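**Student:** This is the content of upload.cif (mmCIF, C-alpha atoms):
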data_my_file
loop_
_atom_site.label_atom_id
_atom_site.label_comp_id
_atom_site.auth_asym_id
_atom_site.auth_seq_id
_atom_site.Cartn_x
_atom_site.Cartn_y
_atom_site.Cartn_z
CA MET A 1 -0.77 -46.06 -38.13
CA SER A 2 0.06 -42.42 -37.92
CA THR A 3 -3.64 -41.50 -37.78
CA TYR A 4 -4.30 -44.06 -35.05
CA GLY A 5 -1.25 -42.94 -33.07
CA GLY A 6 -2.27 -39.30 -33.42
CA ALA A 7 -5.78 -40.06 -32.20
CA MET A 8 -4.44 -41.98 -29.20
CA THR A 9 -2.10 -39.10 -28.32
CA LYS A 10 -4.96 -36.62 -28.57
CA ARG A 11 -7.20 -38.75 -26.34
CA ARG A 12 -4.38 -39.14 -23.80
CA ARG A 13 -3.88 -35.37 -23.67
CA ILE A 14 -7.60 -34.82 -23.19
CA SER A 15 -7.64 -37.45 -20.46
CA GLU A 16 -4.67 -35.85 -18.71
CA ARG A 17 -6.30 -32.45 -18.81
CA ALA A 18 -9.56 -33.88 -17.53
CA GLY A 19 -7.72 -35.66 -14.74
CA ALA A 20 -6.02 -32.46 -13.66
CA HIS A 21 -9.26 -30.61 -13.01
CA PRO A 22 -10.51 -32.71 -10.07
CA ALA A 23 -7.13 -32.37 -8.33
CA ASP A 24 -7.13 -28.61 -8.84
CA ALA A 25 -10.69 -28.43 -7.60
CA ARG A 26 -9.82 -30.43 -4.50
CA ARG A 27 -6.88 -28.14 -3.73
CA TRP A 28 -9.06 -25.08 -4.20
CA ARG A 29 -11.75 -26.51 -1.92
CA SER A 30 -9.07 -27.29 0.68
CA VAL A 31 -7.81 -23.71 0.57
CA ARG A 32 -11.35 -22.38 0.86
CA ARG A 33 -12.01 -24.58 3.89
CA GLN A 34 -8.84 -23.36 5.59
CA VAL A 35 -9.68 -19.72 4.89
CA ASP A 36 -13.23 -20.25 6.14
CA ALA A 37 -11.96 -21.90 9.32
CA LEU A 38 -9.53 -19.04 9.95
CA ASP A 39 -12.23 -16.49 9.19
CA ILE A 40 -14.63 -18.05 11.66
CA SER A 41 -11.97 -18.34 14.35
CA VAL A 42 -10.92 -14.68 14.07
CA PHE A 43 -14.52 -13.50 13.78
CA ASP A 44 -15.49 -15.47 16.89
CA ALA A 45 -12.47 -14.17 18.82
CA VAL A 46 -13.40 -10.56 18.06
CA ALA A 47 -17.10 -11.18 18.75
CA HIS A 48 -16.39 -12.74 22.15
CA THR A 49 -14.00 -10.00 23.22
CA GLN A 50 -15.68 -8.03 25.98
CA SER A 51 -14.51 -4.47 25.35
CA PRO A 52 -16.39 -1.29 26.22
CA LEU A 53 -13.93 0.53 23.94
CA LEU A 54 -14.97 -1.55 20.93
CA ASP A 55 -18.63 -1.19 21.88
CA ALA A 56 -18.30 2.59 22.00
CA THR A 57 -16.10 3.24 18.95
CA MET A 58 -16.75 0.59 16.32
CA PRO A 59 -20.45 1.25 15.52
CA PRO A 60 -19.99 5.04 15.09
CA LEU A 61 -16.90 4.50 12.93
CA THR A 62 -18.57 1.98 10.65
CA ARG A 63 -21.65 4.24 10.36
CA ALA A 64 -19.43 7.20 9.47
CA ALA A 65 -18.04 5.21 6.54
CA ASP A 66 -21.51 4.33 5.20
CA ARG A 67 -21.83 5.49 1.59
CA SER A 68 -18.25 6.81 1.91
CA MET A 69 -19.44 9.86 3.83
CA LEU A 70 -16.31 9.78 6.01
CA TRP A 71 -14.06 9.96 2.96
CA ILE A 72 -16.15 12.63 1.28
CA GLY A 73 -15.72 14.71 4.44
CA VAL A 74 -11.96 14.17 4.46
CA ALA A 75 -11.82 15.10 0.77
CA GLY A 76 -13.67 18.31 1.57
CA LEU A 77 -11.16 19.19 4.27
CA LEU A 78 -8.29 18.55 1.87
CA ALA A 79 -9.87 20.80 -0.72
CA LEU A 80 -10.30 23.58 1.83
CA THR A 81 -6.55 23.64 2.53
CA GLY A 82 -5.99 25.32 -0.81
CA ARG A 83 -2.94 23.20 -1.53
CA PRO A 84 -2.87 21.94 -5.12
CA ARG A 85 -1.56 18.53 -4.10
CA ALA A 86 -4.29 18.22 -1.44
CA ARG A 87 -6.95 18.98 -4.02
CA ARG A 88 -5.45 16.54 -6.49
CA GLY A 89 -5.37 13.92 -3.74
CA ALA A 90 -9.02 14.53 -2.89
CA VAL A 91 -10.04 14.15 -6.53
CA ARG A 92 -7.95 11.02 -7.03
CA GLY A 93 -9.24 9.52 -3.79
CA LEU A 94 -12.89 10.08 -4.68
CA ALA A 95 -12.34 8.80 -8.23
CA SER A 96 -10.72 5.66 -6.79
CA ILE A 97 -13.73 5.17 -4.51
CA ALA A 98 -16.15 5.49 -7.44
CA VAL A 99 -14.41 2.81 -9.50
CA THR A 100 -13.75 0.53 -6.53
CA SER A 101 -17.31 0.74 -5.24
CA LEU A 102 -18.67 -0.13 -8.67
CA ILE A 103 -16.45 -3.20 -8.99
CA ALA A 104 -16.94 -4.36 -5.41
CA ASN A 105 -20.72 -3.99 -5.25
CA GLN A 106 -21.83 -4.61 -8.81
CA VAL A 107 -19.28 -7.19 -9.93
CA SER A 108 -17.48 -8.98 -7.09
CA LYS A 109 -20.49 -9.36 -4.80
CA ARG A 110 -22.55 -10.76 -7.67
CA LEU A 111 -19.86 -13.27 -8.59
CA HIS A 112 -19.09 -14.38 -5.02
CA ARG A 113 -22.40 -15.08 -3.32
CA ARG A 114 -20.88 -15.45 0.13
CA PRO A 115 -23.36 -15.19 3.01
CA ARG A 116 -22.77 -12.68 5.77
CA PRO A 117 -21.45 -13.98 9.11
CA SER A 118 -23.92 -14.69 11.86
CA ILE A 119 -24.38 -11.71 14.15
CA THR A 120 -25.92 -13.70 16.99
CA GLN A 121 -22.53 -13.88 18.73
CA VAL A 122 -21.80 -10.15 18.44
CA PRO A 123 -22.79 -8.07 21.48
CA GLN A 124 -26.02 -6.21 20.81
CA GLN A 125 -24.47 -2.83 21.64
CA ARG A 126 -21.73 -3.40 19.08
CA LEU A 127 -23.94 -4.13 16.10
CA ALA A 128 -24.06 -1.60 13.30
CA HIS A 129 -27.23 0.48 13.13
CA ARG A 130 -27.83 -0.67 9.54
CA ILE A 131 -27.61 -4.42 9.03
CA PRO A 132 -26.37 -5.04 5.46
CA THR A 133 -28.36 -7.40 3.26
CA SER A 134 -25.95 -7.79 0.33
CA THR A 135 -23.48 -10.63 0.00
CA SER A 136 -20.30 -10.52 2.05
CA PHE A 137 -17.32 -10.76 -0.31
CA PRO A 138 -15.56 -8.37 -0.55
CA SER A 139 -16.13 -5.66 2.05
CA GLY A 140 -17.27 -2.57 0.17
CA HIS A 141 -16.48 -0.30 3.12
CA SER A 142 -12.93 -1.64 3.31
CA ALA A 143 -12.42 -1.40 -0.45
CA SER A 144 -13.56 2.22 -0.55
CA ALA A 145 -11.53 3.12 2.53
CA MET A 146 -8.28 1.81 1.12
CA ALA A 147 -9.01 3.17 -2.35
CA PHE A 148 -9.36 6.67 -0.91
CA ALA A 149 -6.32 6.36 1.37
CA ALA A 150 -4.11 5.02 -1.40
CA GLY A 151 -5.43 7.52 -3.94
CA VAL A 152 -4.73 10.52 -1.73
CA SER A 153 -1.35 9.12 -0.70
CA ALA A 154 -0.30 8.84 -4.34
CA GLU A 155 -0.53 12.63 -4.58
CA TRP A 156 0.49 13.50 -1.02
CA PRO A 157 2.62 10.69 0.50
CA ILE A 158 2.82 12.37 3.91
CA LEU A 159 -0.83 11.38 4.48
CA SER A 160 -0.21 7.71 3.73
CA VAL A 161 0.19 6.53 7.33
CA PRO A 162 -2.72 8.44 8.92
CA LEU A 163 -5.17 7.68 6.11
CA ARG A 164 -4.21 4.03 5.81
CA THR A 165 -4.48 3.71 9.60
CA LEU A 166 -7.97 5.16 9.50
CA ALA A 167 -8.84 2.85 6.61
CA GLY A 168 -7.56 -0.10 8.63
CA LEU A 169 -9.77 0.88 11.57
CA VAL A 170 -12.78 1.11 9.27
CA GLY A 171 -12.00 -2.37 7.98
CA PHE A 172 -11.68 -3.72 11.52
CA SER A 173 -14.99 -2.09 12.45
CA ARG A 174 -16.68 -4.20 9.77
CA VAL A 175 -15.54 -7.35 11.56
CA ALA A 176 -16.19 -5.98 15.05
CA THR A 177 -19.76 -5.01 14.20
CA GLY A 178 -20.51 -8.39 12.64
CA ALA A 179 -20.82 -7.20 9.05
CA HIS A 180 -17.91 -9.10 7.49
CA TYR A 181 -15.42 -11.89 7.88
CA PRO A 182 -11.74 -10.86 8.07
CA SER A 183 -10.99 -12.19 4.57
CA ASP A 184 -13.74 -9.97 3.16
CA VAL A 185 -11.91 -6.99 4.63
CA VAL A 186 -8.51 -8.12 3.34
CA ALA A 187 -9.94 -8.63 -0.14
CA GLY A 188 -11.52 -5.19 0.02
CA PHE A 189 -8.20 -3.62 0.99
CA ALA A 190 -6.45 -5.37 -1.90
CA LEU A 191 -9.10 -4.24 -4.38
CA GLY A 192 -8.98 -0.63 -3.20
CA GLU A 193 -5.18 -0.53 -3.30
CA ALA A 194 -5.15 -2.02 -6.80
CA ILE A 195 -7.69 0.44 -8.19
CA ALA A 196 -5.86 3.42 -6.69
CA TRP A 197 -2.63 2.16 -8.23
CA LEU A 198 -4.32 1.78 -11.60
CA THR A 199 -5.44 5.40 -11.49
CA THR A 200 -1.78 6.41 -11.32
CA ARG A 201 -1.17 4.44 -14.53
CA VAL A 202 -3.98 6.28 -16.29
CA VAL A 203 -3.25 9.71 -14.78
CA PRO A 204 0.25 9.78 -13.24
CA ALA A 205 0.56 11.49 -9.87
CA GLU A 206 2.48 14.75 -9.73
CA ARG A 207 5.42 14.25 -7.40
CA VAL A 208 6.41 17.92 -7.37
CA ASP A 209 4.23 20.79 -6.20
CA PRO A 210 5.73 24.00 -7.65
CA ALA A 211 3.57 26.16 -5.39
CA PHE A 212 4.85 24.65 -2.15
CA ASP A 213 8.03 22.70 -2.92
CA ASP A 214 11.19 24.79 -2.82
CA LEU A 215 12.85 23.94 -6.10
CA THR A 216 15.16 26.93 -6.23
CA VAL A 217 18.70 25.99 -7.11
CA ARG A 218 21.25 28.46 -5.80
CA ALA A 219 24.51 28.37 -7.66
CA GLY A 220 27.58 28.87 -5.49
CA THR A 221 30.98 30.24 -6.33
CA PRO A 222 32.53 28.41 -9.29
CA ARG A 223 35.39 26.17 -8.16
CA PRO A 224 36.89 24.74 -11.34
CA ASP A 225 40.06 23.57 -9.56
CA GLY A 226 38.39 22.40 -6.31
CA ALA A 227 39.71 25.19 -4.08
CA GLY A 228 37.87 25.30 -0.74
CA MET A 229 36.38 21.84 -1.26
CA THR A 230 37.01 18.73 0.83
CA LEU A 231 36.16 15.15 -0.03
CA VAL A 232 35.99 12.55 2.74
CA ILE A 233 36.11 9.07 1.27
CA ASN A 234 36.70 5.47 2.26
CA PRO A 235 38.88 4.05 -0.54
CA THR A 236 37.84 0.47 0.28
CA SER A 237 34.10 1.08 -0.04
CA GLY A 238 32.27 -0.39 -2.96
CA SER A 239 34.75 -3.29 -3.10
CA GLY A 240 37.54 -0.81 -3.72
CA ARG A 241 35.78 1.10 -6.51
CA ALA A 242 35.82 4.32 -4.48
CA GLY A 243 39.61 4.24 -4.29
CA LYS A 244 39.91 3.71 -8.04
CA ILE A 245 38.27 7.03 -8.84
CA LEU A 246 40.64 9.09 -6.68
CA PRO A 247 43.30 9.60 -9.39
CA THR A 248 40.62 10.96 -11.72
CA VAL A 249 39.29 13.29 -9.01
CA ARG A 250 42.78 14.59 -8.23
CA ARG A 251 43.45 15.35 -11.89
CA ALA A 252 40.10 17.11 -12.38
CA LEU A 253 40.19 19.05 -9.08
CA PRO A 254 43.85 19.44 -8.09
CA ARG A 255 43.16 21.86 -5.22
CA MET A 256 40.44 19.78 -3.60
CA ARG A 257 41.46 18.36 -0.22
CA ILE A 258 40.89 14.60 -0.04
CA VAL A 259 40.63 12.90 3.35
CA GLU A 260 40.87 9.12 3.16
CA LEU A 261 39.22 7.09 5.91
CA GLY A 262 41.17 4.15 7.20
CA GLU A 263 40.49 1.27 9.56
CA GLY A 264 39.73 2.54 13.06
CA THR A 265 39.17 6.13 11.92
CA ASP A 266 36.69 8.10 14.03
CA TYR A 267 34.19 8.89 11.30
CA GLY A 268 32.27 11.56 13.21
CA ARG A 269 35.35 13.45 14.34
CA THR A 270 36.87 13.32 10.86
CA ILE A 271 33.72 14.78 9.32
CA ASP A 272 33.58 17.55 11.94
CA GLU A 273 37.22 18.48 11.39
CA ALA A 274 36.84 18.48 7.63
CA ALA A 275 33.68 20.60 7.79
CA SER A 276 35.36 23.22 9.99
CA SER A 277 38.18 23.82 7.52
CA CYS A 278 36.41 23.96 4.15
CA GLU A 279 33.60 25.74 2.33
CA VAL A 280 32.14 22.72 0.52
CA LEU A 281 32.17 19.20 1.98
CA TYR A 282 31.44 15.93 0.21
CA TRP A 283 31.30 12.54 1.91
#
For the structure just supplied, provide its representation as structure tokens.

**Tutor:**
Amino acid sequence: MSTYGGAMTKRRRISERAGAHPADARRWRSVRRQVDALDISVFDAVAHTQSPLLDATMPPLTRAADRSMLWIGVAGLLALTGRPRARRGAVRGLASIAVTSLIANQVSKRLHRRPRPSITQVPQQRLAHRIPTSTSFPSGHSASAMAFAAGVSAEWPILSVPLRTLAGLVGFSRVATGAHYPSDVVAGFALGEAIAWLTTRVVPAERVDPAFDDLTVRAGTPRPDGAGMTLVINPTSGSGRAGKILPTVRRALPRMRIVELGEGTDYGRTIDEAASSCEVLYW
């Protein structure tokens, strides 16, 4: 009986697992159909947009990003600045492109044999000079663009917005010139961002640049009893925790002036008055 019952239980589990696959497959096909429908709708909307601006700017931009020449040029400019963090960013950005391009073109495109969108609806003057023949998913241009932008930004965050904006325009140019569907571009962005992030796990980014960041700490006059110091504090902040530390502060720094903010206190005026009558102000 136990053997029979065990066999029945095993067959039931196998049957349940087998029954789950068709449902999962149907859900996946439904998602794919919805993504495809959205892709086609957005692609058609861009293709049917009559815009001399798009006609004039999108083909040159997408050509500039061919074989990552745009990003190699930007990396060269960064290296010429002489800043260590700029050079590190250029190296990390190009390394991110190398890995991302390999995965996008030699792995992802071979696994996802998605056909390119039809270019018959795209205005002739907006088509890219070189019509790609590889499969569509993901967008290699978009992946490389975001990989470079994210890689450089990891070393020099101030460049995050301009480089990611440029990467976004490159991705849009791939849709505008009829080379990719929008989801190809989004997938490329995600891949590039992920690879750039992984490079920071392998080789952590340096957040401090000793050559250009002012790290000098200037010690002031010792004030062991708090003389010349003023603390402006709201005792009720932090659910009253701020007020609880005041006795400790008074014992440690008996000559420190403590200004407690109350309900209706003019915060700006209080800070100004406190700053005018002390040498060190905390708030």

**Student:** Take CA of Met256 in chain A and CA of Gly238 in chain A and report the distance between them in Å, one decimal.

**Tutor:** 21.8 Å

**Student:** Would you mind telling me which residue in A:Ile119, A:Ala45, A:Val280, A:Met146 lies nearest to Thr221 in chain A when using all atoms listed in the file?

**Tutor:**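 Of A:Ile119, A:Ala45, A:Val280, A:Met146, the one nearest Thr221 in chain A is A:Val280, counting all atoms listed in the file.
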
**Student:** When the PyMOL selection byres ((chain A and resi 169-174) around 6) is applied to the file above, which residues end up in the set, as an MDAnalysis selection string?

**Tutor:** chainID A and resid 58 62 142 166:168 175:177 179:180 185

**Student:** Could you pull the residues within 10 Å of range 82-99 of chain A, counting all atoms listed in the file, minus those fewer than 4 positions along the same chain, as number ranges by chain?

**Tutor:** A: 68, 71-78, 103-104, 140-141, 143-157, 159, 192-200, 203, 205-212

**Student:** Keeping only C-alpha atoms, write the selected residues to a file as an mmCIF file, keeping the file's coordinate frame.

**Tutor:**
data_model
loop_
_atom_site.group_PDB
_atom_site.id
_atom_site.type_symbol
_atom_site.label_atom_id
_atom_site.label_comp_id
_atom_site.auth_asym_id
_atom_site.auth_seq_id
_atom_site.Cartn_x
_atom_site.Cartn_y
_atom_site.Cartn_z
ATOM 1 C CA SER A 68 -18.250 6.810 1.910
ATOM 2 C CA TRP A 71 -14.060 9.960 2.960
ATOM 3 C CA ILE A 72 -16.150 12.630 1.280
ATOM 4 C CA GLY A 73 -15.720 14.710 4.440
ATOM 5 C CA VAL A 74 -11.960 14.170 4.460
ATOM 6 C CA ALA A 75 -11.820 15.100 0.770
ATOM 7 C CA GLY A 76 -13.670 18.310 1.570
ATOM 8 C CA LEU A 77 -11.160 19.190 4.270
ATOM 9 C CA LEU A 78 -8.290 18.550 1.870
ATOM 10 C CA ILE A 103 -16.450 -3.200 -8.990
ATOM 11 C CA ALA A 104 -16.940 -4.360 -5.410
ATOM 12 C CA GLY A 140 -17.270 -2.570 0.170
ATOM 13 C CA HIS A 141 -16.480 -0.300 3.120
ATOM 14 C CA ALA A 143 -12.420 -1.400 -0.450
ATOM 15 C CA SER A 144 -13.560 2.220 -0.550
ATOM 16 C CA ALA A 145 -11.530 3.120 2.530
ATOM 17 C CA MET A 146 -8.280 1.810 1.120
ATOM 18 C CA ALA A 147 -9.010 3.170 -2.350
ATOM 19 C CA PHE A 148 -9.360 6.670 -0.910
ATOM 20 C CA ALA A 149 -6.320 6.360 1.370
ATOM 21 C CA ALA A 150 -4.110 5.020 -1.400
ATOM 22 C CA GLY A 151 -5.430 7.520 -3.940
ATOM 23 C CA VAL A 152 -4.730 10.520 -1.730
ATOM 24 C CA SER A 153 -1.350 9.120 -0.700
ATOM 25 C CA ALA A 154 -0.300 8.840 -4.340
ATOM 26 C CA GLU A 155 -0.530 12.630 -4.580
ATOM 27 C CA TRP A 156 0.490 13.500 -1.020
ATOM 28 C CA PRO A 157 2.620 10.690 0.500
ATOM 29 C CA LEU A 159 -0.830 11.380 4.480
ATOM 30 C CA GLY A 192 -8.980 -0.630 -3.200
ATOM 31 C CA GLU A 193 -5.180 -0.530 -3.300
ATOM 32 C CA ALA A 194 -5.150 -2.020 -6.800
ATOM 33 C CA ILE A 195 -7.690 0.440 -8.190
ATOM 34 C CA ALA A 196 -5.860 3.420 -6.690
ATOM 35 C CA TRP A 197 -2.630 2.160 -8.230
ATOM 36 C CA LEU A 198 -4.320 1.780 -11.600
ATOM 37 C CA THR A 199 -5.440 5.400 -11.490
ATOM 38 C CA THR A 200 -1.780 6.410 -11.320
ATOM 39 C CA VAL A 203 -3.250 9.710 -14.780
ATOM 40 C CA ALA A 205 0.560 11.490 -9.870
ATOM 41 C CA GLU A 206 2.480 14.750 -9.730
ATOM 42 C CA ARG A 207 5.420 14.250 -7.400
ATOM 43 C CA VAL A 208 6.410 17.920 -7.370
ATOM 44 C CA ASP A 209 4.230 20.790 -6.200
ATOM 45 C CA PRO A 210 5.730 24.000 -7.650
ATOM 46 C CA ALA A 211 3.570 26.160 -5.390
ATOM 47 C CA PHE A 212 4.850 24.650 -2.150
#

**Student:** Evaluate the PyMOL selection byres ((chain A and resi 255) around 8) and record the selected residues as a ChimeraX atom specification, following the chain and residue labels used in the document.

**Tutor:** /A:225-229,250,253-254,256-257

**Student:** In Å to one decimal, how far is CA of Phe137 in chain A from CA of Thr100 in chain A?

**Tutor:**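 CA of Phe137 in chain A lies 13.4 Å from CA of Thr100 in chain A.
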